[in-house]
Amino acid sequence: MLIKKNGITKDNSILSNPIEYLKGVGPLRADLLKKELNIFIFKDLLEHFPYRHIDKTEIKKIRQITPDMEYIQVVGKIISCEMLGEKRGKRLVAELRDETGSLELTWFQGISWIQKNIQVGQSYIVFGKLSFFMGNPQITHPEMDVLTMEKTEGRPFLEPIYPATEKLKARGLNGRQIGRLVYTLVGLLSEKDLPENIPDNIVAELQLLPRYNAYLNIHFPTGPAIHEKALERLKFEELFLAQVRLGLIRSNRHRFTKGITFETVGDLFNTFYKQYLPFELTGAQKRVLKEIRQDTARGIQMNRLLQGDVGSGKTIVALLSMLLAADNGYQSCMMAPTEILAQQHYTALSELLKDMPVQIAILTGSTPKAERRKLLAKTLSGEIHILTGTHALIEDTVQFKNLGLAVVDEQHRFGVAQRAKLWEKNHVPPHVLVMTATPIPRTLAMTAYGDLDYSIMDELPPGRQPITTVHRYENARPQVMDFIKAEIAKGRQVYIIFPLIEESEKVNYENLMKGYENVKAYFPEPAYWISMVHGKMNAEQKEANMQRFVQRDTQIMVSTTVIEVGVNVPNASVMVIESAEKFGLSQLHQLRGRVGRGAEKSYCILLTGTKLTADARERLKMMCATNDGFVIAEKDLELRGPGDIEGTRQSGMLNFKLASIVQDKHLVDLARKHAEILLSDDPDLSFPVNLKLKAYLQHQKGQTSWSKIS
Ligand code: ADP
Ligand code: MG
């Protein structure tokens with residue numbers, strides 16, 4: 001029986017053989033390979049890719065050696081070989097000479113065996129890592145082979161070096177020895193073991209290496225060019241298969257997942273639009289509403305990702321969509337990642353709807369029990385039309401009479417699994433509208449959310465002045481505080497944000513308190529009033545402090561990043577971020593988005609110490625250079641890599657073995673394009689040219705949990 005995390009199914013391909021069946025492995029090594037590298041079957045070893053190759057195609061003359069070379073290969077004669085030093089310092093030193101100069105070879109281990117075997121006067125091919133001692137080139141523990149004709153001719157390839165752990169190395173399975181096992185394995189395989197899985201027309205169009213060929217050459221290439229081709233082919237394969245799978249989920253949903261039909265745009269929507277909408281919608285808002293309208297009218301479930309920059313006005317789009325649901329007799333919910341934000345949605349929506357016959361309520365983790373019970377009853381009876389809240393909404397006890405639309409605000413805080421839970425809240429799955437807090441890069445969206453349809457709001461409401469962002473060092477604090485005083489004198493309000501430094505709540509708390517005292521020294525009562533919000537407060541305290549700021553009872557809000565997401569106080573015009581070097585780019589942009597929401601000119605001041613890493617400098621520079629969240633998102637991905645972008649880690653869709661959505665952007669695009677064309681022509685994969693792909697995906701399906709992701 002094979003036991004493996006992802007539950008490999010047995011089949012009769014040689015690649016499913018247990019690893020202990022490979023010559024040179026045996027039970028002990030098999031055990032190590034399983035424990036240390038997760039290599040259970042032949043296929044796993046085949047997919048254990050080398051992290052580098054050492055070029056053995058070239059033989060250097062000793063005089064050509066320069067310090068910037070890493071590994072070198074030379075051919076020469078051993079001139080002398082002697083033991084030097086005493087006890088622990090004992091070593092064997094040999095001189096190797098070719099017609100251009102000489103090189104020192106040194107051994108510290110196994111020296112008596114080597115001394116016995118090495119022949120002075122004999123010619124050798126020597127390979128190893130170059131170092132310099134007192135200006136002279138040397139190699140420690142070189143690989144040596146007696147020079148013969150077939151040895152010089154028989155080695156024109158790049159030698160692969162594989163990842164290995166310390167434990168493996170200690171037990172005699174280092175990167176090179178693993179290479180020998182892979183070599184044995186590859187020798188057992190033929191083309192039929194690695195049949196093509198990309199349609200022939202695409203292979204031909206993109207001039208991809210055939211699959212079998214690519215596997216050979218990713219391990220044992222005969223030169224750098226073919227290795228490059230192998231890598232490209234296998235990366236494309238990974239990305240293409242992922243895009244086809246996501247595309248299938250999407251197109252199957254379009255074709256088969258029954259959805260609620262919102263037949264009409266009714267009184268609620270129209271009345272609100274004509275009488276209570278406080279502003280003209282932007283073109284982007286209108287376009288997205290149209291997309292949502294079309295999506296929800298055709299009897300299939302909507303799953304749409306709405307990307308919009310901070311302040312682009314996503315909330316009103318959500319509200320109008322929820323009114324559309326209500327017009328058709330359905331309930332909606334709107335889920336936010338924090339209590340503060342949920343509360344704010346509730347307040348904002350209640351205000352907008354105050355003269356409308358629409359019942360709206362809020363449910364969070366801190367809703368008192370009795371009230372919660374009443375609320376749940378009203379939700380079940382259908383009395384409540386719109387239920388806002390935190391992820392308390394997805395708990396099983398929350399049941400709707402007929403949930404027609406679920407809006408998820410600030411998606412990056414929610415995992416895919418949580419999104420899926422919303423589906424189960426109605427017997428016909430509700431429409432789902434997912435809204436991001438800040439834009440996510442396109443390649444990331446394509447892969448992490450590739451199963452969703454996609455809308456972009458790339459337009460801010462009119463009349464907004466761009467926020468001026470500056471970077472100031474700690475020693476400019478007095479000037480910064482003076483500037484704040486001047487803004488407050490004009491009637492503006494100010495945020496001062498402190499970072500969450502370590503995991504430790506205590507450190508954060510002390511830090512914030514210190515900051516608070518510091519701010520207070522500049523802004524004493526009763527001339528100034530300060531609100532403070534932090535993670536240690538309960539929801540009520542937070543809310544009370546927020547409200548004081550919202551009502552303009554306080555001019556300054558001192559806070560940790562709990563304020564980060566979504567908070568809307570249009571009169572606030574200055575955002576000061578303390579220790580700004582400690583924040584990530586998208587977080588800085590998100591924080592900056594708290595100002596610039598009204599008609600007044602707004603400022604973001606990034607305060608830092610003087611010691612900055614290169615990356616931190618880059619982030620600060622970027623923030624000062626642009627207000628465009630889409631540009632910032634791309635840069636963030638580039639700086640941090642996909643693994644660190646919040647909320648995408650758990651998506652499980654970015655765990656490519658070879659491809660990187662940062663470095664291989666063009667391949668992501670290419671893969672997406674080809675997958676889209678293929679699926680629009682042949683959504684069932686029934687054309688003869690696509691049968692190999694279909695067979696491959698079906699075979700894989702049993703082996704991974706892909707089918708569960710949606
Ligand atoms: P976000 O997309 O960041 O969630 P919000 O929905 O909170 O943005 O909107 C930001 C601010 O812009 C709010 O004060 C909102 O009332 C205002 N707003 C939204 N749409 C428009 C519009 N079309 N014209 C003018 N102001 C708008
Ligand atoms: Mg928002």
# chains A, B, ... in the order shown; residues from 1 in each chain; ligands from 1
>>> residues_near_ligand(ligand="ligand 1", cutoff="8 Å", atoms="only C-alpha atoms and all ligand atoms", output="PyMOL selection string")
chain A and resi 278-282+285+308-317+437-438+460-463+566-570+593+597-598
>>> write_last_selection(atoms="N, CA, C and O atoms", output="CSV table (one decimal), in the first residue's frame")
chain,number,residue,atom,x,y,z
A,278,PRO,N,-26.1,59.6,-3.4
A,278,PRO,CA,-25.6,61.0,-3.1
A,278,PRO,C,-24.7,61.6,-4.2
A,278,PRO,O,-24.2,62.7,-4.0
A,279,PHE,N,-24.3,60.8,-5.2
A,279,PHE,CA,-23.4,61.3,-6.2
A,279,PHE,C,-23.7,60.6,-7.5
A,279,PHE,O,-24.4,59.6,-7.6
A,280,GLU,N,-23.2,61.1,-8.6
A,280,GLU,CA,-23.2,60.5,-9.9
A,280,GLU,C,-22.2,59.3,-9.8
A,280,GLU,O,-21.1,59.5,-9.4
A,281,LEU,N,-22.6,58.1,-10.3
A,281,LEU,CA,-21.6,57.0,-10.4
A,281,LEU,C,-20.5,57.3,-11.4
A,281,LEU,O,-20.7,58.0,-12.4
A,282,THR,N,-19.3,56.8,-11.1
A,282,THR,CA,-18.3,56.9,-12.1
A,282,THR,C,-18.5,55.9,-13.2
A,282,THR,O,-19.3,55.0,-13.1
A,285,GLN,N,-17.9,52.4,-12.1
A,285,GLN,CA,-18.9,51.8,-11.3
A,285,GLN,C,-20.1,51.4,-12.1
A,285,GLN,O,-20.7,50.3,-11.9
A,308,GLY,N,-10.6,46.9,-7.2
A,308,GLY,CA,-10.6,48.4,-7.4
A,308,GLY,C,-9.6,48.9,-6.4
A,308,GLY,O,-9.4,48.4,-5.4
A,309,ASP,N,-9.1,50.1,-6.8
A,309,ASP,CA,-8.1,50.7,-5.9
A,309,ASP,C,-8.8,51.3,-4.6
A,309,ASP,O,-10.1,51.4,-4.6
A,310,VAL,N,-8.1,51.5,-3.6
A,310,VAL,CA,-8.6,52.1,-2.4
A,310,VAL,C,-9.4,53.4,-2.8
A,310,VAL,O,-8.8,54.2,-3.5
A,311,GLY,N,-10.6,53.5,-2.3
A,311,GLY,CA,-11.3,54.7,-2.5
A,311,GLY,C,-12.1,54.8,-3.9
A,311,GLY,O,-12.7,55.8,-4.2
A,312,SER,N,-12.0,53.7,-4.6
A,312,SER,CA,-12.7,53.7,-5.9
A,312,SER,C,-14.2,53.6,-5.9
A,312,SER,O,-14.9,53.7,-6.8
A,313,GLY,N,-14.7,53.3,-4.6
A,313,GLY,CA,-16.1,53.3,-4.4
A,313,GLY,C,-16.8,52.0,-4.7
A,313,GLY,O,-17.8,51.8,-5.3
A,314,LYS,N,-16.2,51.0,-4.0
A,314,LYS,CA,-16.8,49.6,-4.2
A,314,LYS,C,-18.0,49.4,-3.3
A,314,LYS,O,-18.9,48.6,-3.7
A,315,THR,N,-18.1,50.1,-2.2
A,315,THR,CA,-19.2,49.9,-1.3
A,315,THR,C,-20.6,50.2,-2.0
A,315,THR,O,-21.5,49.4,-1.8
A,316,ILE,N,-20.6,51.3,-2.7
A,316,ILE,CA,-21.9,51.6,-3.4
A,316,ILE,C,-22.3,50.6,-4.4
A,316,ILE,O,-23.5,50.3,-4.6
A,317,VAL,N,-21.3,50.0,-5.1
A,317,VAL,CA,-21.5,49.0,-6.1
A,317,VAL,C,-22.2,47.8,-5.3
A,317,VAL,O,-23.1,47.2,-5.8
A,437,ALA,N,-9.3,44.7,-1.2
A,437,ALA,CA,-9.0,45.9,-0.6
A,437,ALA,C,-8.1,46.8,-1.4
A,437,ALA,O,-8.3,48.0,-1.6
A,438,THR,N,-7.0,46.2,-1.9
A,438,THR,CA,-6.2,46.9,-2.8
A,438,THR,C,-6.0,46.0,-4.0
A,438,THR,O,-6.3,44.8,-3.9
A,460,LEU,N,-11.1,56.7,-10.2
A,460,LEU,CA,-11.6,57.2,-8.9
A,460,LEU,C,-12.7,58.2,-9.1
A,460,LEU,O,-12.8,58.8,-10.1
A,461,PRO,N,-13.5,58.4,-8.0
A,461,PRO,CA,-14.6,59.4,-8.1
A,461,PRO,C,-14.0,60.8,-8.5
A,461,PRO,O,-12.8,61.0,-8.0
A,462,PRO,N,-14.7,61.6,-9.2
A,462,PRO,CA,-14.2,62.9,-9.6
A,462,PRO,C,-13.9,63.8,-8.4
A,462,PRO,O,-14.4,63.6,-7.3
A,463,GLY,N,-13.0,64.8,-8.6
A,463,GLY,CA,-12.8,65.8,-7.6
A,463,GLY,C,-11.7,65.4,-6.6
A,463,GLY,O,-11.4,66.2,-5.7
A,566,GLY,N,-10.4,49.8,5.0
A,566,GLY,CA,-11.7,50.3,4.7
A,566,GLY,C,-12.3,51.5,5.5
A,566,GLY,O,-13.3,52.0,5.1
A,567,VAL,N,-11.6,51.9,6.5
A,567,VAL,CA,-12.2,53.0,7.3
A,567,VAL,C,-12.4,54.3,6.5
A,567,VAL,O,-11.5,54.7,5.8
A,568,ASN,N,-13.5,54.9,6.7
A,568,ASN,CA,-13.8,56.1,5.9
A,568,ASN,C,-14.2,57.3,6.7
A,568,ASN,O,-15.3,57.4,7.2
A,569,VAL,N,-13.2,58.2,6.9
A,569,VAL,CA,-13.5,59.5,7.5
A,569,VAL,C,-13.0,60.6,6.6
A,569,VAL,O,-11.8,61.0,6.6
A,570,PRO,N,-13.9,61.1,5.7
A,570,PRO,CA,-13.5,62.0,4.6
A,570,PRO,C,-12.8,63.3,5.1
A,570,PRO,O,-12.0,63.9,4.4
A,593,GLY,N,-4.7,55.1,1.8
A,593,GLY,CA,-6.0,55.2,1.3
A,593,GLY,C,-7.1,55.7,2.3
A,593,GLY,O,-8.2,56.0,2.0
A,597,ARG,N,-10.1,61.1,0.9
A,597,ARG,CA,-11.4,60.7,0.7
A,597,ARG,C,-12.4,61.8,0.6
A,597,ARG,O,-13.5,61.6,0.2
A,598,GLY,N,-11.9,63.0,0.9
A,598,GLY,CA,-12.8,64.2,0.8
A,598,GLY,C,-12.3,65.1,-0.3
A,598,GLY,O,-11.5,64.7,-1.1
>>> select_by_dssp(residues="segment 472-555 of chain A", states="strand (DSSP E)", output="PyMOL selection string")
chain A and resi 472-473+493-497+530-533
>>> write_last_selection(atoms="C-alpha atoms", output="mmCIF file, in the first residue's frame")
data_model
loop_
_atom_site.group_PDB
_atom_site.id
_atom_site.type_symbol
_atom_site.label_atom_id
_atom_site.label_comp_id
_atom_site.auth_asym_id
_atom_site.auth_seq_id
_atom_site.Cartn_x
_atom_site.Cartn_y
_atom_site.Cartn_z
ATOM 1 C CA ARG A 472 10.869 62.021 6.472
ATOM 2 C CA TYR A 473 13.553 60.828 8.853
ATOM 3 C CA GLN A 493 -8.087 65.481 11.195
ATOM 4 C CA VAL A 494 -5.024 63.265 11.387
ATOM 5 C CA TYR A 495 -4.133 59.588 11.691
ATOM 6 C CA ILE A 496 -0.902 58.471 13.315
ATOM 7 C CA ILE A 497 -0.234 54.776 12.782
ATOM 8 C CA ILE A 530 -6.787 62.246 20.793
ATOM 9 C CA SER A 531 -8.541 58.945 20.058
ATOM 10 C CA MET A 532 -6.715 55.689 20.326
ATOM 11 C CA VAL A 533 -7.631 52.273 18.911
#
>>> closest_residue(among="A:Leu105, A:Ala348, A:Leu246, A:Ile161", to="ligand 2", atoms="only C-alpha atoms and all ligand atoms")
A:Ala348
>>> closest_residue(among="A:Glu459, A:Asp664, A:Asp409, A:Asp193", to="ligand 2", atoms="only C-alpha atoms and all ligand atoms")
A:Asp409
>>> atom_distance(atom1="atom CA of Ile111 of chain A", atom2="atom CA of Glu95 of chain A")
15.0 Å
>>> residues_around(residues="Ile78 of chain A", least_positions_apart="4", cutoff="6 Å", atoms="only C-alpha atoms", output="mmCIF file with N, CA, C and O atoms, in the first residue's frame")
data_model
loop_
_atom_site.group_PDB
_atom_site.id
_atom_site.type_symbol
_atom_site.label_atom_id
_atom_site.label_comp_id
_atom_site.auth_asym_id
_atom_site.auth_seq_id
_atom_site.Cartn_x
_atom_site.Cartn_y
_atom_site.Cartn_z
ATOM 1 N N GLU A 95 50.619 19.099 -6.343
ATOM 2 C CA GLU A 95 50.738 20.128 -7.361
ATOM 3 C C GLU A 95 50.329 19.547 -8.702
ATOM 4 O O GLU A 95 50.814 18.495 -9.107
ATOM 5 N N LEU A 96 49.400 20.237 -9.364
ATOM 6 C CA LEU A 96 48.930 19.808 -10.680
ATOM 7 C C LEU A 96 49.413 20.832 -11.696
ATOM 8 O O LEU A 96 49.224 22.029 -11.515
ATOM 9 N N VAL A 120 51.928 10.156 -8.883
ATOM 10 C CA VAL A 120 52.737 11.281 -9.361
ATOM 11 C C VAL A 120 53.206 10.954 -10.779
ATOM 12 O O VAL A 120 53.587 9.826 -11.072
ATOM 13 N N GLY A 121 53.110 11.951 -11.670
ATOM 14 C CA GLY A 121 53.511 11.724 -13.064
ATOM 15 C C GLY A 121 52.340 11.361 -13.949
ATOM 16 O O GLY A 121 52.437 11.375 -15.174
ATOM 17 N N GLN A 122 51.182 11.057 -13.368
ATOM 18 C CA GLN A 122 49.989 10.663 -14.130
ATOM 19 C C GLN A 122 49.164 11.913 -14.497
ATOM 20 O O GLN A 122 49.114 12.877 -13.732
#
>>> closest_residue(among="A:Ile484, A:Val93, A:Met623, A:Ala671", to="Phe583 of chain A", atoms="only C-alpha atoms")
A:Met623
